[in-house]
Every structure is written in structure tokens, then in C-alpha cells.
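*Asks:* Below you'll find the structure I mean.
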Protein chains: 2
Amino acid sequence: MKRKVAFVLSGSGVKDGTEIHEAVAALIALDRAGYDIIFTAPDIEQTAAVDHYAEKPERETRNALVESARIARGNIKPLADLSSDEYDAVVFPGGFGAVLTLCSFAKDGAECSVNQDVRKLIDKALEDGKPIAAMCIAPVILARVIPGARLTIGTHPETAAAINSMGAVHVNCPVNDSVVDRERKIVTTPAYMLASGPAEVFEGAVNMVEKLGELF
Amino acid sequence: MKRKVAFVLSGSGVKDGTEIHEAVAALIALDRAGYDIIFTAPDIEQTAAVDHYAEKPERETRNALVESARIARGNIKPLADLSSDEYDAVVFPGGFGAVLTLCSFAKDGAECSVNQDVRKLIDKALEDGKPIAAMCIAPVILARVIPGARLTIGTHPETAAAINSMGAVHVNCPVNDSVVDRERKIVTTPAYMLASGPAEVFEGAVNMVEKLGELF
């Protein structure tokens with residue numbers, strides 16, 4: 001029986017959704033390691049929709065589930081419909097969608113709120129002892145939900161301070177490594193918080209997936 | 001001096017643009033091999049814009065350059081503005097955008113027309129002896145433009161027949177391998193024409209990039 005990963009997306013594109021290189025780097029690493037991927041995203045309007053060429057707001061709003069389906073090649077389900085027997089672990093790639101739509105960290109910092117279905121997913125995974133992995137800026141969601149969590153967003157001082165002020169513990173980490181909280185079964189890697197390109201993102205993703213495997 | 005690759009996108013998402021896993025798999029392989037990436041796409045409306053969740057047309061049209069910027073993280077230039085001193089090789093990832101917007105193969109089959117800036121790019125690369133790589137369905141563009149080209153789209157019989165009827169030579173190829181035309185400096189790999197998931201796509205991309213390196 002292959003282990004199943006709930007892969008939580010927030011759109012498709014670094015500036016308003018899931019960071020695409022991070023998502024695919026993690027997908028390659030997870031697929032190579034033998035996991036099945038269960039794509040999911042909240043079925044809500046994205047908090048922002050940004051023209052990635054002109055760096056200005058799009059004319060129309062975009063739905064996080066519909067846009068995430070681009071990364072998922074169509075095979076995705078609404079987060080509200082995901083039941084806990086469908087996954088053995090949870091993975092959050094980064095991108096601004098993680099801090100705009102999955103939580104409000106981009107606007108509210110340490111005072112941020114977390115989407116209620118995302119919070120339920122994390123709470124349930126913790127309760128069931130299922131490991132959680134997160135990349136780039138997505139670990140701030142875990143910092144908000146999981147008291148005392150040890151995690152990394154790389155080395156960015158202000159973000160690290162915000163994480164500590166939410167009651168989590170930030171640990172500096174290089175791009176090709178990840179930080180493990182064995183007690184809470186969390187593994188996090190900096191990805192584009194530090195990476196100079198897709199190869200470094202992939203190195204970190206491979207490391208994260210290896211360490212995820214040790215948390216079952 | 002690092003070699004530079006013109007990486008030609010057609011949107012962001014398998015059903016109407018560039019296939020995202022293929023693009024990122026190739027980017028990781030190219031970055032690891034030491035290439036600089038010059039992202040480019042035609043600054044035109046996509047021939048289609050498809051809701052990847054509901055599999056129905058989007059309400060609005062989408063621009064190929066603007067959507068491609070999601071894969072490029074914003075750093076992309078219009079294909080019409082790309083000059084030949086900016087790249088040493090050309091790479092086309094797959095996705096329906098390649099046969100909807102870069103050429104019209106999805107509608108017109110072997111009678112397809114090719115976007116004029118895409119045709120100019122390929123003609124100029126051939127003239128200058130610069131290698132060209134293509135994945136998945138994108139090799140049909142090369143079949144239309146380059147007489148006698150030896151290439152693969154995997155094993156799909158109807159597509160292979162269309163390629164042969166355009167005057168190119170189709171060669172069956174497994175997912176983890178690629179086909180090289182040394183005379184014309186072309187390398188092609190099946191990617192999602194055969195792949196069962198992102199790890200297989202990555203295997204093919206790594207193989208393609210290795211063989212690309214032998215064509216300089």
C-alpha cells in the first residue's frame with residue numbers, strides 16, 4: 001500500500017497562489033519516494049489575483065481550487081470534502097497564496113488568521129499523529145496553529161521574529177536542508193526563501209521528503 | 001560563461017498552456033546542468049482558456065505571455081523581442097498550449113500553421129546551428145517547420161502518423177529516454193505522452209538535457 005499525501009495548494013503562481021517550482025519539485029520527490037498525491041485546495045476566491053508579467057492586479061478574481069487544478073492537471077478535490085482516511089501525511093508548498101489565502105500572514109503578520117478548513121486539516125493531522133511538511137513561507141501557517149512548533153523559513157530575520165512571537169521556535173536552515181520537529185512530526189525547508197533557482201529548490205524538497213519518511 | 005536557453009512557454013496549465021510538471025522538470029534539469037534560463041512566450045491571446053477543475057472554457061480569454069509569467073516567476077520577455085544573441089539553445093516543454101497557441105496542430109493536425117515568431121525562432125536556431133529540445137506534444141511544431149527531422153512524441157500511432165505525413169520521421173521512444181537528430185541538433189522526449197507521473201517526466205527531462213549538452 002502506497003502512502004498518500006494531501007498536497008495543499010492555494011492557486012498557481014508565486015505572486016498570488018502556490019509557487020509552481022516548489023510544488024513540482026516536491027511532487028517529483030514524493031512520486032520518486034513512492035507516495036500517492038491527493039491534490040486539494042480550498043474552494044474559495046483567492047485573496048489576490050496578480051498579473052505575474054505586469055505585477056498588477058488581474059481584472060477578475062480567481063478561485064483557489066480552479067487555479068490549483070492547473071498544477072494538479074485537473075485531479076483535485078475541495079479541501080472541505082477531504083476526509084482523514086484519504087491521506088497519511090500533509091504537504092504545503094509555498095508561494096504567496098499560502099499567506100494570502102490559506103492564512104492572512106501577508107496582511108496581518110503574527111496576528112494572522114488561518115482558513116478554517118486548513119486549520120481543521122492541521123489539527124486533525126496532529127491528533128492522528130500524521131506528519132506535516134511545509135516549504136518556503138508556508139511554515140508560518142504551522143507556527144500559527146501548532147504551539148511550540150520548531151520550524152524554518154530559512155534565515156529572514158523579521159519573518160523568524162514573527163514566527164517566534166506566535167509561540168513557535170524558528171531555526172535558521174540552509175536551502176539544501178530542512179528542520180525536523182520530531183515531537184510534532186513537522187518538517188520544513190526554506191525553498192525560495194533562500195533558493196537561487198529550481199535546482200536548489202529541488203535539493204531542499206528531496207531532503208524534506210527523505211525526512212518526512214522518517215516521521216511515520 | 002553559462003550557456004543560455006530560450007525556454008518557450010505558451011501559458012500555464014496542461015489543458016490550455018504549458019504543462020507545468022514538464023516545464024519545471026526541465027528547469028530543474030537545466031539549472032542543475034548549469035544553464036541560464038531566458039523565459040519567453042508570444043504576447044498573444046491563448047487560443048483557449050480552460051477551467052482545469054470543471055473542464056469547461058473560462059469566462060475570460062488569457063494572454064499567453066501573462067500566464068506563462070506564472071511559471072517564469074515574472075521574469076519573461078515577449079518572443080517577438082527576443083534576439084538571437086540572447087540564447088544558445090531553445091527548449092519547448094509540452095502542454096496543449098504548444099498545439100493550440102504555438103501552432104494549430106490540435107485543430108488542424110498535419111495541415112497546422114505555426115505562430116510566425118515561433119517559426120522564426122526555430123529557423124534562426126537551425127541557421128545558427130543551435131540545438132533545440134522539445135517535450136511531449138511540442139515536437140509536432142518541429143515536425144512542421146524542419147523537413148526530415150527525426151523526433152518522438154512517444155508511441156501514439158495517430159500523432160506519429162501525422163508527424164510522418166508532415167515530412168518528419170517519428171521514432172518510438174520510452175518515457176525515460178529521448179531521441180536525437182544529430183544532423184539537425186534536435187532532442188525530443190515523450191514526457192506526459194507516456195509518463196505516469198512527475199518522477200517519470202523528470203527522468204525524461206534529465207535524459208533530454210544530457211543529450212542537449214552533447215549537441216553544442
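By convention in this document, the chains of the C-alpha cells carry letters A, B, ... by their order, each chain's residues are numbered from 1, and ligands are numbered from 1 in the order they are shown.
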Using every C-alpha atom paired in order, could you least-squares fit chain B onto chain A and give me the moved chain as a short mmCIF file (atom, residue, chain, number, x, y, z; two decimals) with C-alpha atoms, in the first residue's frame?

*Replies:*
data_model
loop_
_atom_site.label_atom_id
_atom_site.label_comp_id
_atom_site.auth_asym_id
_atom_site.auth_seq_id
_atom_site.Cartn_x
_atom_site.Cartn_y
_atom_site.Cartn_z
CA MET B 1 -0.01 0.02 0.00
CA LYS B 2 1.43 3.35 -1.05
CA ARG B 3 1.32 6.19 1.44
CA LYS B 4 -0.92 9.09 0.47
CA VAL B 5 -0.06 12.76 0.81
CA ALA B 6 -2.64 15.54 0.98
CA PHE B 7 -0.92 18.20 -1.16
CA VAL B 8 -2.44 21.55 -0.22
CA LEU B 9 -2.48 24.21 -2.96
CA SER B 10 -3.60 27.85 -2.92
CA GLY B 11 -3.68 28.76 -6.62
CA SER B 12 -0.99 28.54 -9.30
CA GLY B 13 1.77 31.16 -9.38
CA VAL B 14 4.17 32.59 -6.80
CA LYS B 15 2.62 36.06 -6.52
CA ASP B 16 -0.96 35.05 -5.65
CA GLY B 17 -1.00 31.26 -5.29
CA THR B 18 1.25 28.23 -4.91
CA GLU B 19 4.86 28.67 -6.04
CA ILE B 20 5.00 26.42 -9.11
CA HIS B 21 8.66 25.31 -8.94
CA GLU B 22 8.30 24.38 -5.27
CA ALA B 23 5.12 22.41 -5.90
CA VAL B 24 6.60 20.40 -8.77
CA ALA B 25 9.96 19.87 -7.02
CA ALA B 26 8.05 18.37 -4.08
CA LEU B 27 5.83 16.32 -6.42
CA ILE B 28 8.84 14.80 -8.18
CA ALA B 29 10.48 13.97 -4.84
CA LEU B 30 7.24 12.50 -3.42
CA ASP B 31 6.47 10.48 -6.56
CA ARG B 32 10.05 9.10 -6.65
CA ALA B 33 9.72 8.13 -2.96
CA GLY B 34 6.55 6.18 -3.73
CA TYR B 35 3.79 8.42 -2.39
CA ASP B 36 0.38 8.87 -4.00
CA ILE B 37 -0.62 12.52 -4.25
CA ILE B 38 -4.08 13.72 -3.24
CA PHE B 39 -4.34 17.30 -4.51
CA THR B 40 -6.58 19.64 -2.54
CA ALA B 41 -7.27 23.36 -2.16
CA PRO B 42 -9.96 25.49 -0.54
CA ASP B 43 -12.86 26.18 -2.92
CA ILE B 44 -12.79 29.94 -2.28
CA GLU B 45 -11.83 33.09 -4.15
CA GLN B 46 -8.10 33.84 -3.85
CA THR B 47 -7.36 36.84 -1.64
CA ALA B 48 -5.45 38.29 -4.61
CA ALA B 49 -5.11 37.64 -8.35
CA VAL B 50 -1.92 39.16 -9.77
CA ASP B 51 -0.77 39.57 -13.37
CA HIS B 52 2.71 37.98 -12.99
CA TYR B 53 4.07 39.83 -16.04
CA ALA B 54 2.92 43.39 -15.30
CA GLU B 55 2.85 42.92 -11.50
CA LYS B 56 -0.59 44.49 -11.20
CA PRO B 57 -3.97 43.12 -10.08
CA GLU B 58 -5.85 40.96 -12.60
CA ARG B 59 -9.20 42.27 -13.86
CA GLU B 60 -11.02 39.24 -12.47
CA THR B 61 -10.80 37.38 -9.20
CA ARG B 62 -9.65 33.77 -9.40
CA ASN B 63 -10.76 30.72 -7.43
CA ALA B 64 -8.03 28.91 -5.48
CA LEU B 65 -9.35 25.42 -6.29
CA VAL B 66 -9.81 26.15 -10.00
CA GLU B 67 -6.34 27.69 -10.40
CA SER B 68 -4.70 24.97 -8.27
CA ALA B 69 -6.18 22.43 -10.71
CA ARG B 70 -3.55 23.67 -13.21
CA ILE B 71 -0.76 22.26 -11.03
CA ALA B 72 -2.89 19.16 -10.29
CA ARG B 73 -3.65 18.52 -13.99
CA GLY B 74 -7.36 18.61 -13.15
CA ASN B 75 -7.31 15.92 -10.46
CA ILE B 76 -8.07 17.88 -7.28
CA LYS B 77 -10.74 17.99 -4.61
CA PRO B 78 -12.10 20.76 -2.41
CA LEU B 79 -10.35 20.83 0.98
CA ALA B 80 -13.72 20.89 2.77
CA ASP B 81 -14.53 17.48 1.20
CA LEU B 82 -11.24 15.79 2.15
CA SER B 83 -11.66 13.14 4.85
CA SER B 84 -8.85 11.97 7.10
CA ASP B 85 -8.85 8.42 5.73
CA GLU B 86 -7.71 9.84 2.37
CA TYR B 87 -4.18 10.82 3.49
CA ASP B 88 -1.27 9.68 5.67
CA ALA B 89 0.65 12.97 5.61
CA VAL B 90 0.13 16.62 4.64
CA VAL B 91 2.41 18.78 2.46
CA PHE B 92 2.21 22.56 1.97
CA PRO B 93 4.33 24.06 -0.84
CA GLY B 94 4.97 27.82 -0.59
CA GLY B 95 4.03 30.88 -2.62
CA PHE B 96 2.12 34.00 -1.61
CA GLY B 97 -1.15 32.06 -1.77
CA ALA B 98 -0.08 30.34 1.46
CA VAL B 99 0.00 33.68 3.29
CA LEU B 100 -2.81 35.42 1.36
CA THR B 101 -5.46 32.70 1.02
CA LEU B 102 -4.54 29.79 3.34
CA CYS B 103 -3.82 32.28 6.11
CA SER B 104 -3.60 36.07 6.34
CA PHE B 105 0.07 36.39 7.36
CA ALA B 106 0.94 38.62 4.36
CA LYS B 107 -1.51 41.22 5.68
CA ASP B 108 -1.68 40.57 9.43
CA GLY B 109 1.74 39.11 10.33
CA ALA B 110 1.82 37.32 13.70
CA GLU B 111 -1.86 38.27 14.29
CA CYS B 112 -2.94 36.32 11.20
CA SER B 113 -6.00 34.12 10.95
CA VAL B 114 -5.94 30.70 9.27
CA ASN B 115 -8.56 29.41 6.82
CA GLN B 116 -10.83 27.17 8.91
CA ASP B 117 -10.52 24.10 6.66
CA VAL B 118 -6.73 24.46 6.67
CA ARG B 119 -6.77 24.71 10.47
CA LYS B 120 -9.02 21.63 10.73
CA LEU B 121 -6.68 19.67 8.44
CA ILE B 122 -3.63 20.55 10.54
CA ASP B 123 -5.42 19.90 13.87
CA LYS B 124 -6.65 16.52 12.63
CA ALA B 125 -3.21 15.50 11.30
CA LEU B 126 -1.68 16.38 14.68
CA GLU B 127 -4.39 14.47 16.54
CA ASP B 128 -3.84 11.42 14.31
CA GLY B 129 -0.03 11.61 14.53
CA LYS B 130 0.36 12.17 10.79
CA PRO B 131 3.46 14.07 9.63
CA ILE B 132 3.23 17.54 8.07
CA ALA B 133 5.77 19.12 5.69
CA ALA B 134 5.91 22.75 4.58
CA MET B 135 8.13 24.81 2.28
CA CYS B 136 9.19 28.44 1.90
CA ILE B 137 6.74 30.78 3.68
CA ALA B 138 4.07 28.09 4.33
CA PRO B 139 5.59 27.13 7.73
CA VAL B 140 4.07 30.35 9.18
CA ILE B 141 0.68 28.60 8.93
CA LEU B 142 2.02 25.83 11.18
CA ALA B 143 3.54 28.41 13.54
CA ARG B 144 0.08 29.97 13.96
CA VAL B 145 -1.74 26.67 14.55
CA ILE B 146 0.78 24.49 16.43
CA PRO B 147 2.10 25.88 19.74
CA GLY B 148 5.83 25.40 20.21
CA ALA B 149 6.47 24.05 16.70
CA ARG B 150 10.17 24.04 15.69
CA LEU B 151 10.42 25.13 12.09
CA THR B 152 12.25 27.21 9.47
CA ILE B 153 11.57 29.77 6.78
CA GLY B 154 15.32 29.99 6.05
CA THR B 155 17.02 32.97 7.69
CA HIS B 156 14.77 36.01 7.12
CA PRO B 157 15.00 37.92 10.46
CA GLU B 158 11.58 39.68 10.49
CA THR B 159 9.68 36.54 9.49
CA ALA B 160 11.67 34.49 12.01
CA ALA B 161 10.77 37.03 14.72
CA ALA B 162 7.08 36.86 13.77
CA ILE B 163 7.21 33.07 13.99
CA ASN B 164 8.73 33.26 17.47
CA SER B 165 6.13 35.83 18.55
CA MET B 166 3.38 33.37 17.53
CA GLY B 167 4.78 30.92 20.08
CA ALA B 168 6.71 28.72 17.65
CA VAL B 169 10.52 28.35 17.52
CA HIS B 170 12.35 29.45 14.39
CA VAL B 171 15.57 27.64 13.45
CA ASN B 172 17.86 29.01 10.71
CA CYS B 173 18.40 26.48 7.93
CA PRO B 174 20.33 26.39 4.61
CA VAL B 175 18.48 25.89 1.31
CA ASN B 176 19.53 22.24 0.79
CA ASP B 177 18.45 21.13 4.26
CA SER B 178 15.28 21.01 6.37
CA VAL B 179 14.33 21.34 10.02
CA VAL B 180 12.57 18.48 11.83
CA ASP B 181 10.33 18.71 14.88
CA ARG B 182 10.19 15.03 15.86
CA GLU B 183 7.72 15.51 18.70
CA ARG B 184 5.12 17.23 16.49
CA LYS B 185 6.16 15.38 13.29
CA ILE B 186 6.85 18.52 11.28
CA VAL B 187 9.51 19.03 8.58
CA THR B 188 10.14 22.40 6.88
CA THR B 189 12.57 23.64 4.21
CA PRO B 190 13.39 27.20 3.02
CA ALA B 191 12.93 26.70 -0.76
CA TYR B 192 12.60 30.13 -2.47
CA MET B 193 13.02 31.98 0.83
CA LEU B 194 16.71 31.25 0.02
CA ALA B 195 16.97 29.37 -3.28
CA SER B 196 18.69 30.93 -6.30
CA GLY B 197 16.81 28.69 -8.74
CA PRO B 198 14.83 25.47 -9.31
CA ALA B 199 17.79 23.10 -8.75
CA GLU B 200 18.27 24.38 -5.19
CA VAL B 201 14.52 24.20 -4.57
CA PHE B 202 14.65 20.56 -5.68
CA GLU B 203 17.58 19.77 -3.37
CA GLY B 204 15.62 21.09 -0.42
CA ALA B 205 12.47 19.24 -1.49
CA VAL B 206 14.32 15.93 -1.77
CA ASN B 207 15.79 16.48 1.71
CA MET B 208 12.35 17.36 3.12
CA VAL B 209 10.73 14.25 1.62
CA GLU B 210 13.52 12.00 2.97
CA LYS B 211 12.96 13.39 6.46
CA LEU B 212 9.18 13.18 6.06
CA GLY B 213 9.64 9.44 5.50
CA GLU B 214 11.37 9.12 8.88
CA LEU B 215 8.36 10.61 10.71
CA PHE B 216 5.88 7.76 10.12
#

*Asks:* Name the residues of stretch 109-212 of chain A that come out as alpha helix (DSSP H) in a backbone DSSP run; write them as a ChimeraX atom specification.

*Replies:* /A:116-127,139-145,157-165,198-212

*Asks:* Now that the selection is made, can you save its residues with N, CA and C atoms as a compact mmCIF listing (two decimals), in the first residue's frame?

*Replies:*
# COMPACT_ATOMS: atom_id res chain seq x y z
N GLN A 116 -10.35 28.17 7.91
CA GLN A 116 -10.81 27.18 8.89
C GLN A 116 -10.64 25.73 8.43
N ASP A 117 -10.73 25.48 7.13
CA ASP A 117 -10.51 24.11 6.66
C ASP A 117 -9.03 23.72 6.72
N VAL A 118 -8.16 24.70 6.52
CA VAL A 118 -6.72 24.45 6.67
C VAL A 118 -6.40 24.15 8.13
N ARG A 119 -6.97 24.94 9.03
CA ARG A 119 -6.76 24.71 10.47
C ARG A 119 -7.27 23.34 10.89
N LYS A 120 -8.45 22.97 10.39
CA LYS A 120 -9.00 21.64 10.73
C LYS A 120 -8.08 20.52 10.24
N LEU A 121 -7.57 20.68 9.02
CA LEU A 121 -6.67 19.67 8.44
C LEU A 121 -5.43 19.51 9.31
N ILE A 122 -4.84 20.61 9.72
CA ILE A 122 -3.62 20.55 10.54
C ILE A 122 -3.94 19.96 11.92
N ASP A 123 -5.02 20.43 12.54
CA ASP A 123 -5.40 19.91 13.86
C ASP A 123 -5.64 18.39 13.80
N LYS A 124 -6.32 17.95 12.76
CA LYS A 124 -6.65 16.52 12.62
C LYS A 124 -5.38 15.69 12.38
N ALA A 125 -4.46 16.22 11.54
CA ALA A 125 -3.21 15.50 11.29
C ALA A 125 -2.41 15.35 12.59
N LEU A 126 -2.35 16.43 13.38
CA LEU A 126 -1.66 16.38 14.68
C LEU A 126 -2.29 15.35 15.59
N GLU A 127 -3.62 15.39 15.67
CA GLU A 127 -4.38 14.48 16.53
C GLU A 127 -4.10 13.02 16.14
N PRO A 139 5.46 27.48 6.31
CA PRO A 139 5.59 27.14 7.73
C PRO A 139 4.95 28.15 8.69
N VAL A 140 4.73 29.39 8.25
CA VAL A 140 4.08 30.34 9.18
C VAL A 140 2.66 29.89 9.52
N ILE A 141 2.02 29.14 8.62
CA ILE A 141 0.68 28.61 8.93
C ILE A 141 0.79 27.65 10.12
N LEU A 142 1.81 26.79 10.08
CA LEU A 142 2.02 25.84 11.17
C LEU A 142 2.37 26.57 12.46
N ALA A 143 3.17 27.63 12.34
CA ALA A 143 3.54 28.41 13.53
C ALA A 143 2.30 28.98 14.22
N ARG A 144 1.32 29.39 13.43
CA ARG A 144 0.09 29.98 13.97
C ARG A 144 -0.80 28.95 14.63
N VAL A 145 -0.78 27.71 14.11
CA VAL A 145 -1.73 26.68 14.56
C VAL A 145 -1.14 25.76 15.63
N PRO A 157 15.12 37.56 9.04
CA PRO A 157 15.00 37.92 10.47
C PRO A 157 13.59 38.35 10.89
N GLU A 158 12.92 39.19 10.09
CA GLU A 158 11.60 39.68 10.50
C GLU A 158 10.58 38.53 10.54
N THR A 159 10.63 37.67 9.51
CA THR A 159 9.68 36.55 9.49
C THR A 159 9.98 35.58 10.63
N ALA A 160 11.28 35.35 10.89
CA ALA A 160 11.67 34.49 12.02
C ALA A 160 11.14 35.06 13.33
N ALA A 161 11.25 36.38 13.50
CA ALA A 161 10.77 37.03 14.72
C ALA A 161 9.26 36.87 14.85
N ALA A 162 8.54 37.02 13.74
CA ALA A 162 7.08 36.86 13.77
C ALA A 162 6.70 35.44 14.16
N ILE A 163 7.45 34.47 13.65
CA ILE A 163 7.20 33.06 13.99
C ILE A 163 7.40 32.85 15.49
N ASN A 164 8.49 33.40 16.02
CA ASN A 164 8.74 33.25 17.47
C ASN A 164 7.64 33.94 18.28
N SER A 165 7.15 35.09 17.80
CA SER A 165 6.14 35.81 18.57
C SER A 165 4.78 35.10 18.51
N PRO A 198 15.57 26.72 -9.48
CA PRO A 198 14.83 25.47 -9.30
C PRO A 198 15.67 24.29 -8.82
N ALA A 199 16.96 24.25 -9.17
CA ALA A 199 17.79 23.11 -8.73
C ALA A 199 17.96 23.13 -7.22
N GLU A 200 18.16 24.30 -6.64
CA GLU A 200 18.27 24.40 -5.18
C GLU A 200 16.93 24.09 -4.51
N VAL A 201 15.85 24.54 -5.10
CA VAL A 201 14.52 24.19 -4.56
C VAL A 201 14.35 22.68 -4.52
N PHE A 202 14.78 22.03 -5.60
CA PHE A 202 14.64 20.57 -5.68
C PHE A 202 15.50 19.87 -4.62
N GLU A 203 16.72 20.35 -4.43
CA GLU A 203 17.58 19.77 -3.37
C GLU A 203 16.89 19.80 -2.01
N GLY A 204 16.32 20.96 -1.69
CA GLY A 204 15.62 21.09 -0.41
C GLY A 204 14.39 20.19 -0.34
N ALA A 205 13.68 20.08 -1.45
CA ALA A 205 12.46 19.24 -1.49
C ALA A 205 12.81 17.78 -1.28
N VAL A 206 13.89 17.32 -1.92
CA VAL A 206 14.33 15.93 -1.77
C VAL A 206 14.70 15.67 -0.30
N ASN A 207 15.41 16.61 0.30
CA ASN A 207 15.79 16.47 1.71
C ASN A 207 14.55 16.43 2.61
N MET A 208 13.60 17.31 2.33
CA MET A 208 12.36 17.36 3.11
C MET A 208 11.59 16.04 3.01
N VAL A 209 11.51 15.49 1.81
CA VAL A 209 10.75 14.25 1.61
C VAL A 209 11.44 13.06 2.28
N GLU A 210 12.78 13.03 2.25
CA GLU A 210 13.52 12.00 2.97
C GLU A 210 13.19 12.04 4.46
N LYS A 211 13.21 13.25 5.02
CA LYS A 211 12.96 13.39 6.46
C LYS A 211 11.49 13.15 6.79
N LEU A 212 10.61 13.50 5.87
CA LEU A 212 9.18 13.17 6.06
C LEU A 212 9.02 11.66 6.25

*Asks:* Would you list, as a ChimeraX atom specification, the residues of chain B that end up in strand (DSSP E or B) under DSSP run on this structure's backbone?

*Replies:* /B:4-8,36-41,45,50-51,56-57,63,76-78,89-92,103,114,132-135,150-151,169-170,179-181,186-189
